[in-house]
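Here is structure15.cif, consisting of mmCIF, C-alpha atoms:
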data_upload
loop_
_atom_site.label_atom_id
_atom_site.label_comp_id
_atom_site.auth_asym_id
_atom_site.auth_seq_id
_atom_site.Cartn_x
_atom_site.Cartn_y
_atom_site.Cartn_z
CA MET A 1034 13.93 5.24 36.64
CA ARG A 1035 11.33 3.76 34.33
CA GLY A 1036 7.88 4.97 35.19
CA ARG A 1037 9.12 8.06 36.90
CA ALA A 1038 10.01 11.16 35.05
CA ARG A 1039 10.89 14.72 35.66
CA LEU A 1040 8.10 17.25 35.51
CA PHE A 1041 8.98 20.51 33.80
CA PRO A 1042 12.65 19.57 33.48
CA GLU A 1043 13.28 22.80 31.69
CA ALA A 1044 12.45 24.68 34.87
CA GLY A 1045 15.45 23.15 36.61
CA ALA A 1046 13.58 22.35 39.82
CA SER A 1047 15.02 19.88 42.32
CA LEU A 1048 14.64 16.19 41.47
CA GLU A 1049 12.72 15.39 44.66
CA ALA A 1050 10.09 17.96 43.81
CA ILE A 1051 9.56 16.98 40.26
CA VAL A 1052 9.26 13.24 40.00
CA ALA A 1053 5.91 11.67 39.32
CA GLU A 1054 4.57 8.27 38.44
CA TYR A 1055 3.27 7.58 34.99
CA PRO A 1056 -0.44 6.79 34.59
CA PRO A 1057 -0.91 3.15 35.72
CA LYS A 1058 -2.29 1.96 32.39
CA LEU A 1059 0.67 3.47 30.56
CA GLN A 1060 3.07 1.84 32.99
CA GLU A 1061 1.27 -1.45 32.40
CA TYR A 1062 1.80 -1.09 28.65
CA LEU A 1063 5.44 -0.16 29.17
CA ASP A 1064 5.95 -3.20 31.38
CA ASP A 1065 4.25 -5.45 28.82
CA PHE A 1066 6.40 -4.13 26.00
CA GLY A 1067 9.43 -4.65 28.19
CA PHE A 1068 8.86 -8.37 27.77
CA VAL A 1069 8.70 -8.19 23.99
CA THR A 1070 11.83 -9.70 22.53
CA SER A 1071 11.09 -10.11 18.84
CA ARG A 1072 10.17 -7.62 16.17
CA GLU A 1073 7.28 -9.85 15.09
CA ASP A 1074 5.80 -9.91 18.59
CA ARG A 1075 6.16 -6.16 18.89
CA VAL A 1076 4.42 -5.59 15.58
CA ASP A 1077 1.59 -8.01 16.40
CA PHE A 1078 1.08 -6.36 19.79
CA LEU A 1079 0.94 -2.90 18.22
CA ILE A 1080 -1.46 -4.02 15.50
CA ASP A 1081 -3.79 -5.43 18.16
CA ILE A 1082 -3.69 -2.09 19.95
CA ALA A 1083 -4.23 -0.17 16.69
CA ASP A 1084 -7.33 -2.29 16.09
CA GLU A 1085 -8.76 -0.78 19.30
CA PHE A 1086 -8.36 2.77 18.01
CA GLN A 1087 -11.59 4.77 18.03
CA PRO A 1088 -11.65 8.12 16.25
CA VAL A 1089 -13.08 11.16 18.00
CA PRO A 1090 -16.90 10.91 18.15
CA ALA A 1091 -18.94 13.40 16.17
CA SER A 1092 -20.32 14.77 19.42
CA ILE A 1093 -16.84 16.10 20.18
CA ALA A 1094 -15.57 17.16 16.76
CA THR A 1095 -16.46 16.84 13.09
CA LYS A 1096 -14.38 17.29 9.94
CA PRO A 1097 -12.86 19.51 8.86
CA TYR A 1098 -11.19 19.70 12.23
CA ASP A 1099 -9.92 22.85 13.82
CA GLU A 1100 -6.26 23.15 12.86
CA ALA A 1101 -5.47 24.06 16.46
CA GLN A 1102 -6.02 20.40 17.31
CA ARG A 1103 -3.54 19.12 14.73
CA VAL A 1104 -0.37 17.42 15.98
CA ILE A 1105 2.41 19.38 14.35
CA GLY A 1106 5.08 17.10 12.95
CA CYS A 1107 2.88 14.00 12.66
CA GLU A 1108 2.76 13.02 9.00
CA SER A 1109 -0.14 10.68 9.65
CA GLU A 1110 -2.27 13.78 10.27
CA ALA A 1111 -3.18 13.12 13.87
CA PHE A 1112 -5.48 15.41 15.85
CA VAL A 1113 -5.88 15.57 19.63
CA TRP A 1114 -8.65 16.97 21.81
CA ALA A 1115 -8.55 17.30 25.60
CA LEU A 1116 -11.82 17.91 27.45
CA ASP A 1117 -11.95 18.80 31.13
CA ARG A 1118 -13.70 16.47 33.53
CA ASP A 1119 -15.37 17.67 36.70
CA ASP A 1120 -12.71 15.93 38.78
CA GLY A 1121 -9.97 18.00 37.19
CA THR A 1122 -8.65 15.27 34.94
CA LEU A 1123 -8.96 15.16 31.17
CA ASP A 1124 -10.64 13.04 28.55
CA PHE A 1125 -8.49 12.66 25.46
CA TYR A 1126 -9.81 12.03 21.96
CA PHE A 1127 -7.87 11.42 18.78
CA ASP A 1128 -8.23 11.05 15.07
CA VAL A 1129 -5.71 9.99 12.44
CA LEU A 1130 -6.68 11.11 8.97
CA ASN A 1131 -4.13 9.03 7.07
CA PRO A 1132 -5.73 5.60 6.71
CA GLN A 1133 -2.21 4.15 6.52
CA GLY A 1134 -1.23 5.78 9.82
CA LEU A 1135 -1.38 2.57 11.79
CA SER A 1136 1.43 3.44 14.17
CA ALA A 1137 -0.21 6.76 14.97
CA MET A 1138 -3.47 4.91 15.65
CA ALA A 1139 -1.70 2.51 18.00
CA MET A 1140 0.01 5.35 19.86
CA SER A 1141 -3.30 7.24 20.05
CA ALA A 1142 -5.07 4.19 21.47
CA ILE A 1143 -2.38 3.77 24.13
CA LEU A 1144 -2.60 7.44 25.11
CA GLU A 1145 -6.38 7.50 25.13
CA GLN A 1146 -6.60 4.44 27.35
CA SER A 1147 -3.77 5.59 29.60
CA CYS A 1148 -4.28 9.29 30.01
CA SER A 1149 -8.05 9.84 30.03
CA GLY A 1150 -8.99 10.29 33.68
CA ALA A 1151 -5.41 10.01 34.90
CA PRO A 1152 -4.03 12.59 37.34
CA LEU A 1153 -2.66 15.53 35.40
CA GLU A 1154 0.69 15.28 37.20
CA GLN A 1155 1.12 11.78 35.84
CA VAL A 1156 0.17 12.76 32.31
CA ALA A 1157 2.45 15.78 32.46
CA ALA A 1158 5.34 13.54 33.51
CA ILE A 1159 5.29 11.38 30.38
CA ASN A 1160 8.51 11.53 28.43
CA GLY A 1161 8.34 11.28 24.65
CA GLU A 1162 10.96 8.55 24.86
CA VAL A 1163 8.16 6.08 25.68
CA VAL A 1164 7.61 5.95 21.92
CA PHE A 1165 10.80 3.94 21.55
CA THR A 1166 9.80 1.48 24.24
CA PHE A 1167 6.69 0.73 22.23
CA PHE A 1168 8.04 0.92 18.69
CA GLY A 1169 11.71 0.15 19.11
CA ARG A 1170 14.65 2.19 17.93
CA ASP A 1171 14.61 1.04 14.34
CA ILE A 1172 11.65 3.11 13.21
CA SER A 1173 12.39 5.90 10.79
CA MET A 1174 13.27 9.35 11.98
CA GLY A 1175 10.08 10.84 10.63
CA LYS A 1176 7.96 8.18 12.25
CA GLY A 1177 9.74 8.61 15.57
CA ARG A 1178 9.31 12.33 15.46
CA GLY A 1179 5.63 12.16 14.59
CA LEU A 1180 4.83 9.72 17.37
CA THR A 1181 6.85 11.72 19.87
CA GLU A 1182 4.95 14.85 18.92
CA LEU A 1183 1.72 12.95 19.50
CA VAL A 1184 2.84 12.18 23.06
CA ASN A 1185 4.01 15.76 23.50
CA ALA A 1186 0.61 17.08 22.43
CA VAL A 1187 -1.06 15.12 25.23
CA VAL A 1188 1.56 16.13 27.76
CA PHE A 1189 1.17 19.76 26.73
CA GLN A 1190 -2.53 19.70 27.57
CA ALA A 1191 -1.85 18.43 31.08
CA ARG A 1192 1.02 20.82 31.72
CA ARG A 1193 -1.02 23.77 30.49
CA ARG A 1194 -3.62 23.08 33.12
CA LEU A 1195 -1.07 22.55 35.87
CA LYS A 1196 0.79 25.73 35.12
CA PRO A 1197 0.30 28.27 37.93
CA ALA A 1198 -1.82 31.25 36.91
CA MET B 1002 -5.02 9.98 -12.47
CA SER B 1003 -4.59 9.34 -16.16
CA ASP B 1004 -3.32 6.16 -17.72
CA ILE B 1005 0.42 5.74 -17.15
CA ALA B 1006 1.21 5.43 -20.84
CA SER B 1007 -0.40 8.79 -21.56
CA ARG B 1008 1.58 10.80 -19.04
CA GLY B 1009 4.62 11.36 -21.22
CA TYR B 1010 7.21 9.58 -19.13
CA ALA B 1011 10.60 8.78 -20.61
CA ASN B 1012 10.41 5.20 -19.41
CA ALA B 1013 6.80 4.43 -18.63
CA ASN B 1014 7.65 0.74 -18.34
CA LYS B 1015 9.11 1.39 -14.87
CA LEU B 1016 5.62 2.13 -13.55
CA VAL B 1017 2.71 -0.29 -13.40
CA SER B 1018 -0.86 0.32 -12.37
CA THR B 1019 -2.84 -1.33 -9.61
CA GLU B 1020 -4.90 -3.00 -12.33
CA TRP B 1021 -1.76 -4.47 -13.89
CA VAL B 1022 -0.73 -5.89 -10.52
CA ALA B 1023 -4.20 -7.21 -9.72
CA ALA B 1024 -4.12 -9.18 -12.96
CA ARG B 1025 -0.81 -10.84 -12.03
CA LEU B 1026 -1.28 -12.00 -8.46
CA ASN B 1027 -0.69 -15.59 -9.53
CA ASP B 1028 1.99 -14.92 -12.13
CA ASP B 1029 5.15 -16.80 -11.17
CA SER B 1030 7.30 -14.44 -13.20
CA VAL B 1031 6.21 -11.52 -11.01
CA ARG B 1032 7.08 -11.00 -7.34
CA ILE B 1033 5.20 -8.28 -5.48
CA VAL B 1034 7.22 -6.62 -2.73
CA GLU B 1035 5.90 -4.24 -0.10
CA SER B 1036 8.35 -1.80 1.46
CA ASN B 1037 7.11 0.70 4.03
CA GLU B 1038 8.16 3.27 6.52
CA ASP B 1039 5.55 2.04 8.99
CA PRO B 1040 6.51 -1.46 10.16
CA LEU B 1041 2.90 -2.22 11.16
CA LEU B 1042 1.45 -1.93 7.69
CA TYR B 1043 2.59 -5.12 5.96
CA PRO B 1044 1.58 -7.44 8.83
CA SER B 1045 -1.77 -5.65 9.14
CA GLY B 1046 -2.65 -6.34 5.52
CA HIS B 1047 -0.83 -6.60 2.20
CA ILE B 1048 -1.52 -7.50 -1.40
CA PRO B 1049 -2.13 -11.26 -1.61
CA GLY B 1050 1.14 -12.99 -2.37
CA ALA B 1051 3.28 -9.94 -1.57
CA VAL B 1052 6.43 -10.33 0.49
CA GLU B 1053 8.00 -7.64 2.65
CA VAL B 1054 11.40 -6.05 2.25
CA ASP B 1055 12.21 -3.98 5.30
CA TRP B 1056 14.47 -0.99 4.79
CA VAL B 1057 16.19 -1.47 8.15
CA LYS B 1058 16.78 -5.18 8.50
CA ASP B 1059 16.86 -6.29 4.85
CA LEU B 1060 18.68 -3.58 2.93
CA ASN B 1061 21.42 -2.44 5.28
CA ASP B 1062 24.65 -3.99 6.46
CA PRO B 1063 24.02 -4.81 10.12
CA LEU B 1064 27.39 -3.43 11.23
CA ARG B 1065 28.84 -0.87 8.85
CA ARG B 1066 27.00 2.11 7.43
CA ASP B 1067 26.48 0.60 4.03
CA TYR B 1068 24.06 -1.51 2.07
CA LEU B 1069 24.11 -5.25 2.08
CA GLY B 1070 26.81 -6.92 0.02
CA ARG B 1071 26.57 -9.53 -2.69
CA ALA B 1072 26.05 -12.46 -0.32
CA GLY B 1073 23.40 -10.56 1.63
CA PHE B 1074 21.55 -9.63 -1.54
CA GLU B 1075 21.65 -13.20 -2.79
CA ALA B 1076 20.22 -14.36 0.53
CA LEU B 1077 17.49 -11.72 0.41
CA ALA B 1078 16.63 -12.53 -3.20
CA GLY B 1079 16.56 -16.22 -2.34
CA ARG B 1080 14.27 -15.62 0.63
CA ILE B 1081 11.75 -13.72 -1.44
CA GLY B 1082 11.98 -16.32 -4.17
CA ILE B 1083 13.17 -14.30 -7.14
CA THR B 1084 15.63 -14.96 -9.93
CA PRO B 1085 17.31 -12.34 -12.15
CA GLU B 1086 14.46 -12.85 -14.60
CA THR B 1087 11.70 -12.12 -12.09
CA THR B 1088 9.84 -8.86 -12.50
CA VAL B 1089 9.86 -7.32 -9.04
CA VAL B 1090 6.98 -4.94 -8.35
CA PHE B 1091 7.66 -2.63 -5.42
CA TYR B 1092 4.93 -0.75 -3.63
CA GLY B 1093 4.54 0.82 -0.21
CA ASP B 1094 3.40 3.71 1.95
CA LYS B 1095 4.33 7.38 1.77
CA SER B 1096 3.78 7.75 -1.99
CA ASN B 1097 6.16 4.85 -2.63
CA TRP B 1098 9.07 6.62 -0.95
CA TRP B 1099 10.37 3.39 0.60
CA ALA B 1100 9.47 1.34 -2.45
CA THR B 1101 11.73 3.48 -4.62
CA TYR B 1102 14.46 3.14 -2.01
CA ALA B 1103 14.25 -0.65 -2.17
CA LEU B 1104 14.16 -0.55 -5.97
CA TRP B 1105 17.28 1.64 -6.00
CA VAL B 1106 19.14 -0.85 -3.78
CA PHE B 1107 18.06 -3.72 -6.04
CA GLU B 1108 19.44 -1.82 -9.03
CA LEU B 1109 22.81 -1.55 -7.27
CA PHE B 1110 22.91 -5.30 -7.88
CA ASN B 1111 21.77 -4.81 -11.45
CA HIS B 1112 18.31 -6.22 -10.81
CA THR B 1113 16.84 -3.72 -13.25
CA ASN B 1114 13.77 -5.83 -13.93
CA ALA B 1115 12.04 -3.88 -11.18
CA VAL B 1116 9.05 -1.56 -11.34
CA ILE B 1117 6.94 0.59 -9.04
CA MET B 1118 3.19 0.20 -8.57
CA ASP B 1119 1.91 3.72 -9.09
CA GLY B 1120 0.05 5.07 -6.09
CA GLY B 1121 1.42 2.47 -3.72
CA ARG B 1122 -0.59 0.73 -1.04
CA LEU B 1123 -2.83 3.74 -0.42
CA LYS B 1124 -4.22 3.61 -3.96
CA TRP B 1125 -4.61 -0.17 -3.81
CA ALA B 1126 -6.51 0.09 -0.52
CA GLU B 1127 -8.66 3.02 -1.58
CA GLU B 1128 -9.75 1.14 -4.68
CA GLY B 1129 -11.13 -1.49 -2.35
CA ARG B 1130 -8.74 -4.16 -3.52
CA GLU B 1131 -8.00 -7.14 -1.33
CA LEU B 1132 -5.49 -6.95 1.49
CA THR B 1133 -4.61 -10.01 3.50
CA ARG B 1134 -2.74 -10.75 6.70
CA GLU B 1135 -1.78 -14.17 5.39
CA LYS B 1136 1.92 -14.45 4.72
CA PRO B 1137 2.63 -16.10 1.39
CA SER B 1138 4.39 -19.41 1.23
CA ILE B 1139 7.47 -18.70 -0.84
CA SER B 1140 9.74 -21.35 -2.29
CA PRO B 1141 13.29 -20.08 -1.77
CA SER B 1142 15.21 -19.50 -4.95
CA SER B 1143 18.86 -19.54 -5.91
CA TYR B 1144 20.03 -16.13 -7.07
CA SER B 1145 23.50 -15.46 -8.42
CA ALA B 1146 24.10 -11.73 -8.09
CA PRO B 1147 26.97 -9.62 -9.35
CA GLU B 1148 29.03 -7.59 -6.93
CA ARG B 1149 27.25 -4.42 -5.91
CA ASP B 1150 27.94 -1.69 -8.47
CA ASP B 1151 28.35 1.62 -6.65
CA SER B 1152 29.67 3.44 -9.70
CA ARG B 1153 26.55 3.99 -11.72
CA ILE B 1154 23.71 5.32 -9.57
CA ARG B 1155 25.36 5.93 -6.20
CA ALA B 1156 27.44 8.95 -5.19
CA PHE B 1157 30.02 9.27 -2.46
CA ARG B 1158 31.26 12.28 -0.52
CA ASP B 1159 34.44 12.99 -2.48
CA GLY B 1160 32.62 12.63 -5.77
CA VAL B 1161 29.94 15.01 -4.57
CA LEU B 1162 32.60 17.52 -3.55
CA GLN B 1163 34.16 17.37 -7.02
CA HIS B 1164 30.71 17.61 -8.54
CA THR B 1165 29.83 20.75 -6.61
CA GLN B 1166 33.21 22.34 -7.29
CA ALA B 1167 32.48 21.82 -10.98
CA ASN B 1168 29.07 23.49 -10.51
CA GLY B 1169 27.29 20.20 -11.17
CA GLN B 1170 23.56 19.78 -10.72
CA LEU B 1171 22.47 18.98 -7.16
CA VAL B 1172 18.98 18.49 -5.79
CA ASP B 1173 18.35 18.68 -2.06
CA VAL B 1174 15.08 16.85 -1.47
CA ARG B 1175 14.77 17.51 2.27
CA SER B 1176 12.23 19.80 3.88
CA PRO B 1177 12.72 23.57 3.64
CA GLY B 1178 13.69 23.70 7.32
CA GLU B 1179 16.46 21.19 6.79
CA PHE B 1180 17.65 22.94 3.62
CA SER B 1181 17.90 26.29 5.37
CA GLY B 1182 19.76 24.82 8.33
CA GLU B 1183 17.01 25.58 10.80
CA LEU B 1184 16.63 21.87 11.59
CA LEU B 1185 19.75 19.90 12.53
CA HIS B 1186 17.96 16.70 13.43
CA MET B 1187 14.58 15.45 14.44
CA ASP B 1188 13.66 15.02 18.10
CA GLY B 1189 14.71 11.62 19.33
CA TYR B 1190 17.14 11.08 16.46
CA PRO B 1191 20.36 12.86 17.35
CA GLN B 1192 22.18 9.95 15.70
CA GLU B 1193 20.68 11.06 12.41
CA GLY B 1194 21.56 14.67 13.03
CA ALA B 1195 24.40 16.87 11.93
CA VAL B 1196 26.79 19.23 13.66
CA ARG B 1197 26.15 21.84 10.99
CA GLY B 1198 22.94 22.80 9.24
CA GLY B 1199 22.40 24.06 5.73
CA HIS B 1200 22.91 22.50 2.33
CA ILE B 1201 25.60 21.53 -0.14
CA PRO B 1202 26.70 24.62 -2.10
CA GLY B 1203 24.85 24.98 -5.37
CA ALA B 1204 22.05 22.60 -4.45
CA SER B 1205 18.48 23.45 -5.40
CA SER B 1206 15.69 22.68 -2.98
CA VAL B 1207 12.86 20.49 -4.22
CA PRO B 1208 11.27 18.43 -1.42
CA TRP B 1209 10.83 14.89 -2.74
CA SER B 1210 7.07 14.79 -2.20
CA ARG B 1211 6.45 17.50 -4.79
CA ALA B 1212 6.79 14.79 -7.43
CA ALA B 1213 3.72 13.00 -6.08
CA ASN B 1214 0.03 13.75 -6.23
CA GLU B 1215 -2.21 13.68 -3.17
CA ASP B 1216 -3.25 10.11 -3.98
CA GLY B 1217 0.36 8.92 -4.04
CA THR B 1218 0.62 8.61 -7.82
CA PHE B 1219 3.41 10.35 -9.67
CA LYS B 1220 2.74 13.67 -11.36
CA ASN B 1221 2.77 13.55 -15.12
CA ALA B 1222 5.88 14.38 -17.13
CA ALA B 1223 4.80 17.91 -17.98
CA GLU B 1224 4.24 18.71 -14.33
CA LEU B 1225 7.57 17.14 -13.36
CA ARG B 1226 9.39 19.07 -16.09
CA GLY B 1227 7.80 22.21 -14.70
CA ILE B 1228 9.38 21.54 -11.33
CA TYR B 1229 12.79 20.15 -12.20
CA LEU B 1230 13.54 21.82 -15.55
CA ASP B 1231 11.62 25.08 -15.59
CA GLU B 1232 11.64 25.92 -11.90
CA ILE B 1233 15.19 24.99 -10.88
CA GLY B 1234 16.76 24.73 -14.31
CA LEU B 1235 18.06 21.18 -14.38
CA SER B 1236 19.25 19.80 -17.69
CA PRO B 1237 18.42 16.14 -18.37
CA ALA B 1238 21.71 15.75 -20.23
CA GLU B 1239 23.89 16.85 -17.31
CA PRO B 1240 25.02 14.61 -14.44
CA THR B 1241 22.80 15.13 -11.41
CA ILE B 1242 23.09 14.14 -7.77
CA ALA B 1243 20.18 13.95 -5.35
CA TYR B 1244 20.55 13.82 -1.58
CA CYS B 1245 18.53 14.07 1.62
CA ARG B 1246 19.48 12.99 5.16
CA ILE B 1247 20.38 9.32 4.73
CA GLY B 1248 19.52 8.71 1.09
CA GLU B 1249 16.00 7.31 1.27
CA ARG B 1250 13.92 10.33 0.28
CA SER B 1251 16.40 11.12 -2.49
CA SER B 1252 15.89 7.66 -4.00
CA HIS B 1253 12.35 8.82 -4.84
CA THR B 1254 13.73 11.82 -6.69
CA TRP B 1255 16.39 9.61 -8.31
CA PHE B 1256 13.55 7.42 -9.64
CA VAL B 1257 11.63 10.42 -10.97
CA LEU B 1258 14.59 12.04 -12.71
CA THR B 1259 15.94 8.79 -14.12
CA ASN B 1260 12.84 6.94 -15.20
CA LEU B 1261 10.06 9.47 -15.54
CA LEU B 1262 12.05 12.36 -16.99
CA GLY B 1263 14.81 10.37 -18.67
CA PHE B 1264 17.82 12.11 -17.16
CA ALA B 1265 20.96 10.44 -18.48
CA ASP B 1266 23.06 10.29 -15.31
CA VAL B 1267 21.49 10.57 -11.87
CA ARG B 1268 23.15 9.36 -8.71
CA ASN B 1269 21.82 9.14 -5.19
CA TYR B 1270 24.18 10.40 -2.47
CA ASP B 1271 23.11 8.16 0.41
CA GLY B 1272 25.72 9.59 2.78
CA SER B 1273 23.63 12.71 2.42
CA TRP B 1274 23.42 15.36 5.11
CA THR B 1275 24.27 13.06 8.00
CA GLU B 1276 27.69 12.65 6.38
CA TRP B 1277 28.15 16.07 4.78
CA GLY B 1278 26.94 18.09 7.77
CA ASN B 1279 29.20 16.18 10.13
CA SER B 1280 32.34 16.18 8.00
CA VAL B 1281 35.22 18.49 8.85
CA GLY B 1282 36.01 21.16 6.33
CA LEU B 1283 33.34 20.57 3.72
CA PRO B 1284 31.69 23.67 2.29
CA ILE B 1285 28.16 24.50 3.38
CA GLU B 1286 25.65 27.08 2.27
CA LYS B 1287 22.74 28.45 4.25
#
Since I need it in another form, could you write the structure as structure tokens?
Amino acid sequence: MRGRARLFPEAGASLEAIVAEYPPKLQEYLDDFGFVTSREDRVDFLIDIADEFQPVPASIATKPYDEAQRVIGCESEAFVWALDRDDGTLDFYFDVLNPQGLSAMAMSAILEQSCSGAPLEQVAAINGEVVFTFFGRDISMGKGRGLTELVNAVVFQARRRLKPA
Amino acid sequence: MSDIASRGYANANKLVSTEWVAARLNDDSVRIVESNEDPLLYPSGHIPGAVEVDWVKDLNDPLRRDYLGRAGFEALAGRIGITPETTVVFYGDKSNWWATYALWVFELFNHTNAVIMDGGRLKWAEEGRELTREKPSISPSSYSAPERDDSRIRAFRDGVLQHTQANGQLVDVRSPGEFSGELLHMDGYPQEGAVRGGHIPGASSVPWSRAANEDGTFKNAAELRGIYLDEIGLSPAEPTIAYCRIGERSSHTWFVLTNLLGFADVRNYDGSWTEWGNSVGLPIEK
């Protein structure tokens, strides 16, 4: 069921009602990484993506950042902002304060490119397990947790807006 | 941070500065080794001439939960072109957490001619020193290693049990949430979790990173004594065991206690909480 995930699984709703596609750009990345067979190729791919990382512009936020934007559990000190668009979707912005936080930068770049402007239902459907499709299973526990929390922070913003009043 | 020699360490020779390394980039008797948590860092830029030792694929037995054996170490040493006489300089991310882990594994094979570059790759990068993506061309070497010696600096479950029953010194270097039992495992890593939470009876909690400054360098000896001797009452003369979840964070504390504070007998329990917290019948405190 790659590319489709349960929305609000904790609510226990029926499967038919709660499946949603992932954002197309994210699915494209997932498909591309599905073809990666060697550790070296995976690393090179991720470094290329990390090179595309753009920190949040000063027009959106300046340091010191509001702690409310911090990704709890990410040791690379990642921050996430979600700004509402007129069409109801979100623009996501990121920063990673640890200059050695290359994996967090790569994950941020993927999420920014994939989730900005994507339907909220698709963003809300993303499962943190995508981290392991991108980075493999042999990353450290702390790294896996931090990257998963980065994904969760984005998902949280979409789910918060979808939640019925 | 002050000069290493002035910080009062018991064995200051186990630490070298970035300047020391920069002056030896072309020294054939020195091999610079980067060891990181983040697998993207070395390929994205490393000290010129440095090779990578990866904690997953290079240091562990691919099948059993154990470190590589003699043949594996000889192959690794040959690949990175060292001999028993080579001074191996480890450095890496996360305040040298993974560098100390690699050094500890090398010392299991009695390669004690190994040092840590104080401050790791963060300090090197922040000083504006060169990083390259070019992989060095290494001439493979022939390395004759002894059998791995697990008796000196490594602890096993039964030995830890005896140690705790004798009220021996134990340092739990995990986070406070892990020490208290609040956290059983991290999201996405149930395989590194435990059925029970808490800590080994009698253990004192000192998260590993307290030994490091913000810039990744080690705190000076007086500051370290304040933590490990004054605060939790360890005696450098008494046998001490450090543990975490799988033995990597505790290798950092092992390095500090052994080399910077001169403790006589420190062992790293790499089975750590993933073994202790999953074992039937072992005592646990919360």
Practice task
Kindly give the distance, in Å, that separates atom CA of Phe1256 of chain B and atom CA of Asn1097 of chain B, rounded to a single decimal.
Solution key: 10.5 Å
Check which residues of chain B sit at most 12 Å from chain A using only C-alpha atoms, and return one row each with the closest pair of atoms and their distance in Å to one decimal, ordered by chain and rising number, as a tab-separated table.
residue	atom	partner	partner_atom	distance
B:Asn1037	CA	A:Ser1173	CA	10.0
B:Glu1038	CA	A:Ser1173	CA	6.6
B:Asp1039	CA	A:Ser1136	CA	6.8
B:Pro1040	CA	A:Val1076	CA	7.1
B:Leu1041	CA	A:Val1076	CA	5.8
B:Leu1042	CA	A:Leu1135	CA	6.7
B:Tyr1043	CA	A:Val1076	CA	9.8
B:Pro1044	CA	A:Val1076	CA	7.6
B:Ser1045	CA	A:Ile1080	CA	6.6
B:Gly1046	CA	A:Ile1080	CA	10.3
B:His1047	CA	A:Gln1133	CA	11.7
B:Asp1055	CA	A:Asp1171	CA	10.6
B:Trp1056	CA	A:Ser1173	CA	9.4
B:Val1057	CA	A:Asp1171	CA	6.9
B:Lys1058	CA	A:Asp1171	CA	8.8
B:Asn1061	CA	A:Asp1171	CA	11.9
B:Pro1063	CA	A:Asp1171	CA	11.9
B:Gly1093	CA	A:Gln1133	CA	10.1
B:Asp1094	CA	A:Gln1133	CA	7.2
B:Lys1095	CA	A:Gln1133	CA	8.7
B:Ser1096	CA	A:Gln1133	CA	11.0
B:Trp1099	CA	A:Ser1173	CA	10.7
B:Gly1121	CA	A:Gln1133	CA	11.0
B:Arg1122	CA	A:Gln1133	CA	8.5
B:Leu1123	CA	A:Gln1133	CA	7.0
B:Lys1124	CA	A:Gln1133	CA	10.7
B:Trp1125	CA	A:Gln1133	CA	11.5
B:Ala1126	CA	A:Pro1132	CA	9.1
B:Glu1127	CA	A:Pro1132	CA	9.2
B:Arg1134	CA	A:Asp1077	CA	11.0
B:Arg1175	CA	A:Gly1175	CA	11.7
B:Ser1176	CA	A:Gly1175	CA	11.4
B:His1186	CA	A:Met1174	CA	8.8
B:Met1187	CA	A:Arg1178	CA	6.2
B:Asp1188	CA	A:Arg1178	CA	5.8
B:Gly1189	CA	A:Arg1178	CA	6.7
B:Tyr1190	CA	A:Met1174	CA	6.2
B:Pro1191	CA	A:Met1174	CA	9.6
B:Gln1192	CA	A:Met1174	CA	9.7
B:Glu1193	CA	A:Met1174	CA	7.6
B:Gly1194	CA	A:Met1174	CA	9.9
B:Glu1215	CA	A:Asn1131	CA	11.4
B:Asp1216	CA	A:Asn1131	CA	11.1
B:Gly1217	CA	A:Gln1133	CA	11.9
B:Arg1246	CA	A:Met1174	CA	9.9
B:Ile1247	CA	A:Met1174	CA	10.2
B:Glu1249	CA	A:Ser1173	CA	10.3
B:Arg1250	CA	A:Gly1175	CA	11.1
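Here atom CA of Glu1108 of chain B is placed at a distance of 12.3 Å from atom CA of Phe1091 of chain B.
Distances here use only C-alpha atoms; by that measure, the residue among A:Trp1114, A:Tyr1098, A:Phe1167, A:Tyr1055 closest to Leu1130 of chain A is A:Tyr1098.
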Practice task
Between B:Ile1117, B:Pro1049, B:Pro1240, B:Gly1079, single out the one closest to Asp1028 of chain B, counting all atoms listed in the file.
Solution key: B:Pro1049
Practice task
Name the closest residue to Gln1155 of chain A among the candidates A:Ala1094, A:Ser1141, A:Ala1191, A:Ser1071; distances are taken between atoms, counting only C-alpha atoms.
Solution key: A:Ala1191
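The residues returned by the PyMOL selection byres ((chain A and resi 1056) around 9) on the shown structure are Gly1036, Glu1054, Tyr1055, Pro1057, Lys1058, Leu1059, Gln1060, Glu1061, Ser1147, Cys1148, Ala1151, Pro1152, Glu1154, Gln1155, Val1156, Ala1158 and Ile1159 of chain A.
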How about saving the chosen residues, C-alpha atoms kept, as a tab-separated table (two decimals), in the coordinates of the input?
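part_24.tsv was written with the following content:
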chain	number	residue	atom	x	y	z
A	1036	GLY	CA	7.88	4.97	35.19
A	1054	GLU	CA	4.57	8.27	38.44
A	1055	TYR	CA	3.27	7.58	34.99
A	1057	PRO	CA	-0.91	3.15	35.72
A	1058	LYS	CA	-2.29	1.96	32.39
A	1059	LEU	CA	0.67	3.47	30.56
A	1060	GLN	CA	3.07	1.84	32.99
A	1061	GLU	CA	1.27	-1.45	32.40
A	1147	SER	CA	-3.77	5.59	29.60
A	1148	CYS	CA	-4.28	9.29	30.01
A	1151	ALA	CA	-5.41	10.01	34.90
A	1152	PRO	CA	-4.03	12.59	37.34
A	1154	GLU	CA	0.69	15.28	37.20
A	1155	GLN	CA	1.12	11.78	35.84
A	1156	VAL	CA	0.17	12.76	32.31
A	1158	ALA	CA	5.34	13.54	33.51
A	1159	ILE	CA	5.29	11.38	30.38
Exercise for the section: Starting from the point (-13.1, 15.5, 14.5), work out which residues of protein, DNA or RNA have an atom no more than 12 Å away when counting only C-alpha atoms; state them as a PyMOL selection string. Expected result: chain A and resi 1087-1103+1110-1114+1126-1130
